[in-house]
Structures are given as structure tokens and as C-alpha cells.
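K.L.:
Sharing a structure, written as C-alpha cells. Questions coming.
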Amino acid sequence: MKVSWFLLLVLCLCLSGCQDLSSDMLVSIETAYISEMDATNISKRFASIILERYLPGETSLYLYRKDAPFGKALEYSLRVKGYPISIVEDFEIIDNPPSFMVTYEVSDLEETWVLIRVQVGPDFMFGRVYTRNGESLTPKSNFTIREKSDER
């Protein structure tokens, strides 16, 4: 139980302390290794969360994507959901991001934990901690979701 509370605290700190939703965007980065299979499976769930808030017919997404497993899988999962996607390769656009810029982070928290979080525009960010089980990842926490309206 102590580990679960610790993980929840770490995830909350990562989502709240590292980024101010009112002004900053994540910089898409993949510093933790995840397999292509995990990237595909995880990105499908992340795309579903985006779908719950933004309708594909009304939303064009700009994805700042790295040439790595999760970024590629997230792009594919969003396209399958029906989103028009524009790939952003120039980091300078982050200084004045479009309303629906999608960025993400895949990073190690410790040897056995991986944090994956996605941000859509300056107002919406969500993430989850995963545990490494050999070459695969298993969810360790529930999703933590932050919206600008949550900040007071």
C-alpha cells in the first residue's frame, strides 16, 4: 500500500510540479525504452482519452513527434480514431503552440517504473505510471488527468 501511495504522489508531482498548464507544453521526448508492442497498446488507450474530450471531426491535431516507438504509435492511434494529424518537426513552434498541439513524455522514474504522459494544448494533460515486467509494461497507477480548469 505504501508503494501505491508513493506512486500516486510521484505521478501527481510529475503532472503538477514539472509543468504549468497555463503556459508550458511538454517537449516530446522518449528517454525510457518501451517495446513497439507496448507503445501500440498504450497509445490506443491514450488516444481514447483524447477522443473523450476532443471530437475528430471538429479537431485537427498537431503532433510534435519523435522518431521513436511511442510517438509513431500515438500518431497511428490518433489517425485510426479519425483525427487529421499534422506532424510538427520544428521545435520553434512550441514557443507559440497551436491550440491542439499534442506532446508527450516517456521517461524512467526508477529502474522498474516508466511514466508516460500526454498533453493536448496548454489546458489538458494526463499520464500513468507503468511497471517493467521484463520487456513489457503493466499499469501501476490509474490515469491522472489535469485540466486548466482544475487549477485555481
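Each chain in the C-alpha cells gets a letter, A, B and so on, in the order shown; residues start at 1 in every chain, and ligands are counted from 1 in the order they appear.
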Quick one: everything within 12 Å of Arg79 of chain A, counting only C-alpha atoms, minus sequence neighbours fewer than 4 positions away in the same chain. Send it as a PyMOL selection string.
P.N.:
chain A and resi 43-44+47-48+50-51+56-57+59-63+72-75+83-87
K.L.:
Please provide as an MDAnalysis selection string all residues within 10 Å of Asp67 of chain A, with the sequence filter that same-chain residues fewer than 4 positions apart are discarded (counting only C-alpha atoms).
P.N.:
chainID A and resid 29:30 71:72
K.L.:
Skip segment 108-111 of chain A itself and residues of its chain fewer than 3 positions away, then list as a list in words all residues within 8 Å of it, counting only C-alpha atoms.
P.N.:
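Near segment 108-111 of chain A, the qualifying residues are Thr31, Ala32, Val114 and Leu115 of chain A.
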K.L.:
Taking only C-alpha atoms into account, which of A:Thr112, A:Leu78, A:Val102, A:Thr40 comes nearest Gly134 of chain A?
P.N.:
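Answer, going by the shortest atom-to-atom distance: A:Thr112.
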K.L.:
For atom CA of Gly82 of chain A and atom CA of Leu55 of chain A, quote the distance in Å rounded to one decimal.
P.N.:
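Straight-line distance from atom CA of Gly82 of chain A to atom CA of Leu55 of chain A works out to 8.9 Å.
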K.L.:
With only C-alpha atoms as the basis for distance, which of A:Thr131, A:Arg65, A:Ser77, A:Tyr104 is at the shortest distance from Asn41 of chain A?
P.N.:
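That would be A:Ser77, the residue with the smallest distance to Asn41 of chain A.
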K.L.:
Quick check, in Å to one decimal: how far apart do atom CA of Glu89 of chain A and atom CA of Ile42 of chain A lie?
P.N.:
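These two atoms are separated by 22.8 Å.
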K.L.:
If we count only C-alpha atoms and set the cut-off at 7 Å, which residues sit around Thr144 of chain A, ignoring sequence neighbours fewer than 5 positions away in its own chain? Please answer as a PDB file with N, CA and C atoms, in the first residue's frame.
P.N.:
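Dumped to part_28.pdb:
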ATOM      1  N   PHE A 126      -2.509  14.351 -19.185  1.00  0.00           N
ATOM      2  CA  PHE A 126      -2.827  13.129 -18.448  1.00  0.00           C
ATOM      3  C   PHE A 126      -1.667  12.164 -18.554  1.00  0.00           C
ATOM      4  N   GLY A 127      -1.582  11.261 -17.581  1.00  0.00           N
ATOM      5  CA  GLY A 127      -0.480  10.322 -17.584  1.00  0.00           C
ATOM      6  C   GLY A 127      -0.733   9.146 -16.666  1.00  0.00           C
ATOM      7  N   ARG A 128       0.204   8.227 -16.744  1.00  0.00           N
ATOM      8  CA  ARG A 128       0.086   6.993 -15.973  1.00  0.00           C
ATOM      9  C   ARG A 128       1.472   6.423 -15.738  1.00  0.00           C
TER      10      ARG A 128
END
K.L.:
According to DSSP computed on the backbone, where in segment 40-91 of chain A is there alpha helix (DSSP H)? Give the residues as a list in words.
P.N.:
Thr40, Asn41, Ile42, Ser43, Lys44, Arg45, Phe46, Ala47, Ser48, Ile49, Ile50, Leu51, Glu52, Arg53, Pro69, Phe70, Gly71, Lys72, Ala73, Leu74, Glu75, Tyr76, Ser77, Leu78, Arg79 and Val80 of chain A
K.L.:
Do you have the atom CA of Glu147 of chain A-atom CA of Phe46 of chain A distance handy?
P.N.:
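The value is 15.3 Å.
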K.L.:
Taking only C-alpha atoms into account, name the residue in A:Phe143, A:Phe124, A:Tyr54, A:Tyr130 that is nearest to Thr103 of chain A.
P.N.:
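Going through A:Phe143, A:Phe124, A:Tyr54, A:Tyr130 one by one, the smallest distance to Thr103 of chain A is for A:Phe124.
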K.L.:
With only C-alpha atoms as the basis for distance, which of A:Arg117, A:Lys81, A:Arg53, A:Arg45 is at the shortest distance from Ser28 of chain A?
P.N.:
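For Ser28 of chain A, the nearest of the given residues is A:Arg117.
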